[in-house]
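Take a look at the structure below.
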Amino acid sequence: FIMMNIIAFVLCLTTFIICSLTCLFSCIMLICIIHHLYHNRLQQEDRITFIHCINIYSLVLAYIGIIASFNIQTVLGNLYGHDFNSSWCVILGYLPPILIGCIYWAFANQAFFRLCRVVYPNIKWLQSYRLFIILPFIELMLSCILMSLVLFVHDVVYLPKDYYCFVPFTNVYSMLWLVFNGYGNQIGVLLFIYIRITIFLRRQANTQTLIVKQRQERDFLIIRRILIVVGVLISLGIPAMGFLMMAFITHEEHSLTFPIFWFFISISMISICISTIIFTPQLKKIIMRIIQHNRVIPLNGSVIRSIQTRQ
């Protein structure tokens, strides 16, 4: 029992550190992207790409901030026995499933934009800047409505061993509802888009110009990358599904369920932040420009000093 408490404490503290770093990283990326959008004239495609990035980093920041608060509450609760049950507790327990659902919808939005460029290039409003600003808010409202079921059945409860509110893994049907609406719908949309574009490109293989073909292949490559990222994130959720199956069979929750669950969630969120840079050429250019700028300044300074010395 003491060993389990020590492991849980270490996991929660590690998760809190990862979450803090992820929050800092997300804030820096948001500042860089917004600054670049404000000070540069960009093409429509680049503007929409940066809107997707702002959406992802904003959602990750909000989501990981709540997860960090959960884990620090567990650490403080175990050390000092504080009770964090309050009127805000249930609301905070209700928000993470909504935010994780919106994060996966953000990936679906990226794929949808590529679908419109490849399959429906003549329908301009489907590729408009405003559409992809409004879409995340519509998805947020939809997620709030779908996830509200756990509030109506009062399954978001205070967990006295973890010192925060959430849906216990022993409430299997509510957890399955959260998983289905947090991951299932979005993955279904992504797979549909991938299949739709695959069929379209095979039918159009010999009828497109070289320039159009290259653009379509680039868009299709981006969707493949999105699927790879989502696939990695889902694989990080396998431990949680294992605990869910254990809770369904034994009707009991293991003491390390949530510490392990949040640890893998924190890993997946920092993976999203890094992979977004790696798989977004426009964002990678901004980062490379900042790195090169920071390298050039000291060099220029030393050159100037050497010239002044010679004079």
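Convention: chains lettered A, B, ... in structure tokens order; per-chain residue numbering from 1; ligands numbered from 1 as shown.
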
Can you tell me which residues surround Ser266 in chain A at a distance of at most 9 Å, considering only C-alpha atoms, apart from same-chain residues fewer than 5 positions away, and format the answer as a CSV table (one decimal) with C-alpha atoms, in the first residue's frame?
```
chain,number,residue,atom,x,y,z
A,15,THR,CA,2.7,14.5,-14.9
A,16,PHE,CA,2.5,18.0,-13.3
A,18,ILE,CA,5.3,17.6,-18.0
A,19,CYS,CA,2.0,19.6,-18.0
A,22,THR,CA,3.6,21.8,-22.2
A,64,ILE,CA,-3.3,20.4,-20.0
A,67,ILE,CA,-4.8,18.2,-15.9
A,68,ALA,CA,-2.0,20.0,-14.1
A,261,PHE,CA,-4.0,7.6,-17.1
A,271,SER,CA,3.5,14.9,-28.5
```

I'd like the contact shell of range 233-245 of chain A - 6 Å cut-off, only C-alpha atoms, skipping same-chain residues fewer than 5 positions apart - returned as a PDB file with C-alpha atoms, in the first residue's frame.
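The file below, selection.pdb, is the result:
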```pdb
ATOM      1  CA  PHE A 169     -13.648   4.223 -14.197  1.00  0.00           C
ATOM      2  CA  PHE A 261      -4.038   7.638 -17.090  1.00  0.00           C
ATOM      3  CA  PHE A 264       0.010   9.017 -20.625  1.00  0.00           C
ATOM      4  CA  SER A 268       0.231  12.572 -25.678  1.00  0.00           C
TER       5      SER A 268
END
```

Residues of range 177-269 of chain A at most 10 Å from range 105-118 of chain A: nearest atom pair and distance in Å, only C-alpha atoms, as CSV:
```
residue,atom,partner,partner_atom,distance
A:Gly182,CA,A:Trp105,CA,8.8
A:Tyr183,CA,A:Trp105,CA,8.7
A:Asn185,CA,A:Trp105,CA,8.7
A:Gln186,CA,A:Trp105,CA,5.7
A:Ile187,CA,A:Ala108,CA,7.8
A:Gly188,CA,A:Ala108,CA,9.4
A:Val189,CA,A:Ala108,CA,6.7
A:Leu190,CA,A:Ala108,CA,5.7
A:Leu191,CA,A:Ala108,CA,9.5
A:Ile193,CA,A:Leu115,CA,6.5
A:Tyr194,CA,A:Ala111,CA,8.1
A:Arg196,CA,A:Leu115,CA,8.1
A:Ile197,CA,A:Leu115,CA,6.5
A:Phe200,CA,A:Val118,CA,8.4
A:Leu201,CA,A:Val118,CA,8.4
A:Val212,CA,A:Val118,CA,8.8
A:Lys213,CA,A:Val118,CA,9.3
A:Arg215,CA,A:Val118,CA,8.1
A:Gln216,CA,A:Val118,CA,5.5
A:Glu217,CA,A:Val118,CA,8.8
A:Arg218,CA,A:Arg114,CA,9.2
A:Asp219,CA,A:Arg114,CA,5.5
A:Phe220,CA,A:Arg114,CA,7.2
A:Leu221,CA,A:Arg114,CA,9.7
A:Ile222,CA,A:Ala111,CA,7.9
A:Ile223,CA,A:Ala111,CA,5.5
A:Arg224,CA,A:Ala111,CA,9.1
A:Arg225,CA,A:Ala111,CA,9.9
A:Ile226,CA,A:Phe107,CA,6.7
A:Leu227,CA,A:Phe107,CA,8.6
A:Val229,CA,A:Phe107,CA,9.2
A:Val230,CA,A:Phe107,CA,8.0
```

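Rounded to one decimal, CA of Phe180 in chain A and CA of Cys144 in chain A lie 13.9 Å from each other.
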
Quick one: residues within 8 Å of range 33-47 of chain A, only C-alpha atoms counted, chain neighbours fewer than 2 positions away excluded, as a list in words?
-> Met29, Leu30, Ile31, Thr49, Phe50, Ile51, Cys53, Ile54, Ser128, Tyr129, Gln282, Leu283 and Ile286 of chain A

For the residues selected in the previous step, produce a file with C-alpha atoms as an mmCIF file, in the first residue's frame.
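Written output follows (out34.cif):
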```cif
data_model
loop_
_atom_site.group_PDB
_atom_site.id
_atom_site.type_symbol
_atom_site.label_atom_id
_atom_site.label_comp_id
_atom_site.auth_asym_id
_atom_site.auth_seq_id
_atom_site.Cartn_x
_atom_site.Cartn_y
_atom_site.Cartn_z
ATOM 1 C CA MET A 29 3.886 28.803 -29.860
ATOM 2 C CA LEU A 30 0.640 30.793 -29.656
ATOM 3 C CA ILE A 31 2.574 34.061 -29.280
ATOM 4 C CA THR A 49 -3.185 26.440 -41.549
ATOM 5 C CA PHE A 50 -2.180 28.876 -38.799
ATOM 6 C CA ILE A 51 -5.800 29.078 -37.594
ATOM 7 C CA CYS A 53 -2.475 25.590 -35.199
ATOM 8 C CA ILE A 54 -3.923 28.308 -32.945
ATOM 9 C CA SER A 128 -12.827 30.159 -46.619
ATOM 10 C CA TYR A 129 -10.913 31.632 -43.714
ATOM 11 C CA GLN A 282 4.636 26.832 -42.395
ATOM 12 C CA LEU A 283 5.090 26.504 -38.632
ATOM 13 C CA ILE A 286 8.738 30.224 -38.320
#
```

Listing only residues of range 170-273 of chain A within 9 Å of range 153-166 of chain A, what is the closest atom pair and its distance in Å (to one decimal) for each, using only C-alpha atoms, sorted by chain and residue number ascending, as CSV?
```
residue,atom,partner,partner_atom,distance
A:Asn171,CA,A:Asp155,CA,7.3
A:Ser174,CA,A:Asp155,CA,7.2
A:Ser255,CA,A:Lys161,CA,8.2
A:Phe258,CA,A:Asp162,CA,7.9
A:Pro259,CA,A:Asp162,CA,8.7
```

What does the file look like for those residues with C-alpha atoms, as a PDB file, in the first residue's frame?
```
ATOM      1  CA  ASN A 171     -18.935   3.978 -14.165  1.00  0.00           C
ATOM      2  CA  SER A 174     -20.366   6.837 -18.793  1.00  0.00           C
ATOM      3  CA  SER A 255      -5.304   2.921  -6.990  1.00  0.00           C
ATOM      4  CA  PHE A 258      -5.783   7.935 -12.691  1.00  0.00           C
ATOM      5  CA  PRO A 259      -2.058   8.607 -12.066  1.00  0.00           C
TER       6      PRO A 259
END
```

Mind checking DSSP for range 8-201 of chain A and telling me the strand (DSSP E) residues as a ChimeraX atom specification?
-> /A:157-159,164-166

Emit the selected residues as a CSV table (one decimal), in the first residue's frame, including N, CA and C atoms.
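Output below, filename again03.csv:
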```csv
chain,number,residue,atom,x,y,z
A,157,VAL,N,-18.2,13.0,-10.1
A,157,VAL,CA,-18.2,13.0,-8.6
A,157,VAL,C,-16.8,13.3,-8.1
A,158,TYR,N,-16.8,13.7,-6.8
A,158,TYR,CA,-15.5,14.0,-6.1
A,158,TYR,C,-14.8,12.6,-5.8
A,159,LEU,N,-13.6,12.5,-6.2
A,159,LEU,CA,-12.8,11.3,-5.9
A,159,LEU,C,-11.9,11.5,-4.7
A,164,TYR,N,-10.0,15.3,-6.6
A,164,TYR,CA,-10.6,16.2,-7.6
A,164,TYR,C,-11.8,15.4,-8.1
A,165,CYS,N,-12.6,16.1,-9.0
A,165,CYS,CA,-13.8,15.5,-9.5
A,165,CYS,C,-13.6,15.0,-10.9
A,166,PHE,N,-14.1,13.8,-11.2
A,166,PHE,CA,-14.1,13.2,-12.5
A,166,PHE,C,-15.0,12.0,-12.5
```

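Using only C-alpha atoms, the residues found no farther than 12 Å from range 149-152 of chain A, other than those of its own chain fewer than 6 positions away, are Val90, Ile91, Leu92, Gly93, Tyr94, Leu95, Pro97, Ile98, Ser143, Cys165, Phe166, Val167, Pro168, Asn171, Val172, Tyr173, Ser174, Met175, Leu176, Trp177, Leu178 and Asn181 of chain A.
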
Skip Val10 in chain A itself and residues of its chain fewer than 3 positions away, then list as a list in words all residues within 12 Å of it, counting only C-alpha atoms.
-> Met3, Met4, Asn5, Ile6, Ile7, Leu13, Thr14, Thr15, Phe16, Ile17, Asn71, Ile72, Thr74, Val75, Asn78, Leu256, Pro259, Ile260 and Phe263 of chain A

Produce a file of the selected residues containing all heavy atoms, as a compact mmCIF listing (two decimals), in the first residue's frame.
```
# COMPACT_ATOMS: atom_id res chain seq x y z
N MET A 3 3.99 1.46 -1.02
CA MET A 3 4.67 1.50 -2.31
C MET A 3 3.78 2.08 -3.40
O MET A 3 4.21 2.88 -4.22
CB MET A 3 5.13 0.09 -2.70
CG MET A 3 5.91 0.03 -4.00
SD MET A 3 7.40 1.06 -4.00
CE MET A 3 8.41 0.12 -2.85
N MET A 4 2.48 1.69 -3.38
CA MET A 4 1.51 2.21 -4.35
C MET A 4 1.36 3.72 -4.20
O MET A 4 1.28 4.45 -5.20
CB MET A 4 0.15 1.52 -4.16
CG MET A 4 0.11 0.10 -4.64
SD MET A 4 0.30 -0.03 -6.43
CE MET A 4 0.17 -1.80 -6.65
N ASN A 5 1.32 4.19 -2.96
CA ASN A 5 1.21 5.63 -2.72
C ASN A 5 2.43 6.39 -3.23
O ASN A 5 2.31 7.48 -3.78
CB ASN A 5 1.03 5.89 -1.22
CG ASN A 5 -0.38 5.60 -0.75
OD1 ASN A 5 -1.30 5.52 -1.55
ND2 ASN A 5 -0.54 5.41 0.55
N ILE A 6 3.61 5.80 -3.04
CA ILE A 6 4.84 6.43 -3.51
C ILE A 6 4.85 6.51 -5.04
O ILE A 6 5.18 7.54 -5.63
CB ILE A 6 6.08 5.66 -3.00
CG1 ILE A 6 6.20 5.79 -1.49
CG2 ILE A 6 7.36 6.18 -3.69
CD1 ILE A 6 7.24 4.89 -0.86
N ILE A 7 4.45 5.39 -5.70
CA ILE A 7 4.39 5.36 -7.17
C ILE A 7 3.39 6.39 -7.68
O ILE A 7 3.67 7.13 -8.63
CB ILE A 7 4.03 3.95 -7.67
CG1 ILE A 7 5.15 2.96 -7.34
CG2 ILE A 7 3.77 3.96 -9.18
CD1 ILE A 7 4.78 1.51 -7.57
N LEU A 13 3.49 13.89 -9.70
CA LEU A 13 4.47 14.97 -9.74
C LEU A 13 5.11 15.07 -11.12
O LEU A 13 5.28 16.17 -11.66
CB LEU A 13 5.54 14.73 -8.67
CG LEU A 13 6.47 15.91 -8.36
CD1 LEU A 13 5.68 17.13 -7.89
CD2 LEU A 13 7.51 15.51 -7.33
N THR A 14 5.44 13.92 -11.71
CA THR A 14 6.01 13.90 -13.07
C THR A 14 5.03 14.46 -14.08
O THR A 14 5.40 15.25 -14.96
CB THR A 14 6.41 12.46 -13.46
OG1 THR A 14 7.28 11.91 -12.46
CG2 THR A 14 7.11 12.44 -14.81
N THR A 15 3.77 14.04 -13.95
CA THR A 15 2.72 14.54 -14.85
C THR A 15 2.57 16.04 -14.73
O THR A 15 2.42 16.75 -15.74
CB THR A 15 1.37 13.85 -14.54
OG1 THR A 15 1.52 12.43 -14.68
CG2 THR A 15 0.28 14.33 -15.49
N PHE A 16 2.61 16.55 -13.50
CA PHE A 16 2.49 18.00 -13.28
C PHE A 16 3.64 18.74 -13.96
O PHE A 16 3.43 19.79 -14.58
CB PHE A 16 2.47 18.31 -11.79
CG PHE A 16 2.49 19.77 -11.48
CD1 PHE A 16 1.37 20.55 -11.69
CD2 PHE A 16 3.65 20.38 -10.99
CE1 PHE A 16 1.38 21.92 -11.43
CE2 PHE A 16 3.68 21.74 -10.73
CZ PHE A 16 2.54 22.50 -10.94
N ILE A 17 4.85 18.21 -13.87
CA ILE A 17 6.02 18.84 -14.50
C ILE A 17 5.87 18.85 -16.02
O ILE A 17 6.11 19.87 -16.68
CB ILE A 17 7.32 18.13 -14.08
CG1 ILE A 17 7.58 18.34 -12.59
CG2 ILE A 17 8.51 18.62 -14.90
CD1 ILE A 17 8.66 17.44 -12.01
N ASN A 71 -3.46 17.04 -10.91
CA ASN A 71 -2.30 16.33 -10.35
C ASN A 71 -1.68 17.06 -9.17
O ASN A 71 -1.23 16.41 -8.22
CB ASN A 71 -1.27 16.08 -11.45
CG ASN A 71 -1.66 14.93 -12.36
OD1 ASN A 71 -1.38 13.78 -12.08
ND2 ASN A 71 -2.35 15.24 -13.45
N ILE A 72 -1.66 18.39 -9.20
CA ILE A 72 -1.12 19.12 -8.05
C ILE A 72 -2.08 18.99 -6.87
O ILE A 72 -1.63 18.96 -5.70
CB ILE A 72 -0.83 20.61 -8.41
CG1 ILE A 72 0.14 21.21 -7.38
CG2 ILE A 72 -2.09 21.42 -8.50
CD1 ILE A 72 1.50 20.58 -7.36
N THR A 74 -3.81 16.29 -6.23
CA THR A 74 -3.51 14.96 -5.70
C THR A 74 -2.25 14.99 -4.84
O THR A 74 -2.21 14.40 -3.75
CB THR A 74 -3.33 13.94 -6.84
OG1 THR A 74 -4.51 13.92 -7.65
CG2 THR A 74 -3.09 12.54 -6.30
N VAL A 75 -1.21 15.68 -5.32
CA VAL A 75 0.04 15.79 -4.56
C VAL A 75 -0.19 16.49 -3.23
O VAL A 75 0.24 16.01 -2.17
CB VAL A 75 1.11 16.54 -5.40
CG1 VAL A 75 2.33 16.87 -4.54
CG2 VAL A 75 1.53 15.70 -6.60
N ASN A 78 -2.35 14.37 -0.84
CA ASN A 78 -1.60 13.27 -0.21
C ASN A 78 -0.62 13.79 0.85
O ASN A 78 -0.39 13.12 1.86
CB ASN A 78 -0.83 12.47 -1.27
CG ASN A 78 -1.75 11.59 -2.10
OD1 ASN A 78 -2.75 11.08 -1.59
ND2 ASN A 78 -1.44 11.42 -3.37
N LEU A 256 -3.81 3.07 -8.93
CA LEU A 256 -2.93 3.77 -9.88
C LEU A 256 -3.63 4.13 -11.19
O LEU A 256 -2.97 4.61 -12.12
CB LEU A 256 -1.70 2.91 -10.19
CG LEU A 256 -0.71 2.67 -9.04
CD1 LEU A 256 0.41 1.75 -9.49
CD2 LEU A 256 -0.15 3.98 -8.51
N PRO A 259 -3.44 8.16 -11.86
CA PRO A 259 -2.06 8.61 -12.07
C PRO A 259 -1.45 8.12 -13.38
O PRO A 259 -0.78 8.89 -14.08
CB PRO A 259 -1.32 8.01 -10.85
CG PRO A 259 -2.35 7.94 -9.79
CD PRO A 259 -3.62 7.59 -10.51
N ILE A 260 -1.67 6.86 -13.72
CA ILE A 260 -1.15 6.32 -14.98
C ILE A 260 -1.89 6.94 -16.16
O ILE A 260 -1.28 7.30 -17.18
CB ILE A 260 -1.25 4.77 -15.01
CG1 ILE A 260 -0.29 4.17 -13.99
CG2 ILE A 260 -0.94 4.23 -16.41
CD1 ILE A 260 -0.40 2.68 -13.84
N PHE A 263 -0.71 10.47 -16.71
CA PHE A 263 0.68 10.48 -17.16
C PHE A 263 0.75 10.27 -18.68
O PHE A 263 1.44 11.01 -19.39
CB PHE A 263 1.48 9.39 -16.44
CG PHE A 263 2.88 9.23 -16.96
CD1 PHE A 263 3.86 10.17 -16.65
CD2 PHE A 263 3.22 8.15 -17.76
CE1 PHE A 263 5.15 10.03 -17.14
CE2 PHE A 263 4.51 8.00 -18.25
CZ PHE A 263 5.48 8.94 -17.94
```

So which one's closest to Thr170 in chain A, A:Gln127, A:Ile103, A:Met147, A:Ile249? Using only C-alpha atoms, please.
-> A:Ile249

The distance between CA of Trp262 in chain A and CA of Cys12 in chain A is 7.9 Å

Smallest atom-to-atom distance to Leu126 in chain A: which of A:Ile48, A:Ile199, A:Ile2, A:Val232, using only C-alpha atoms?
-> A:Ile48

Could you please determine the separation between CA of Tyr57 in chain A and CA of Ile195 in chain A in Å, to one decimal place?
-> 27.5 Å
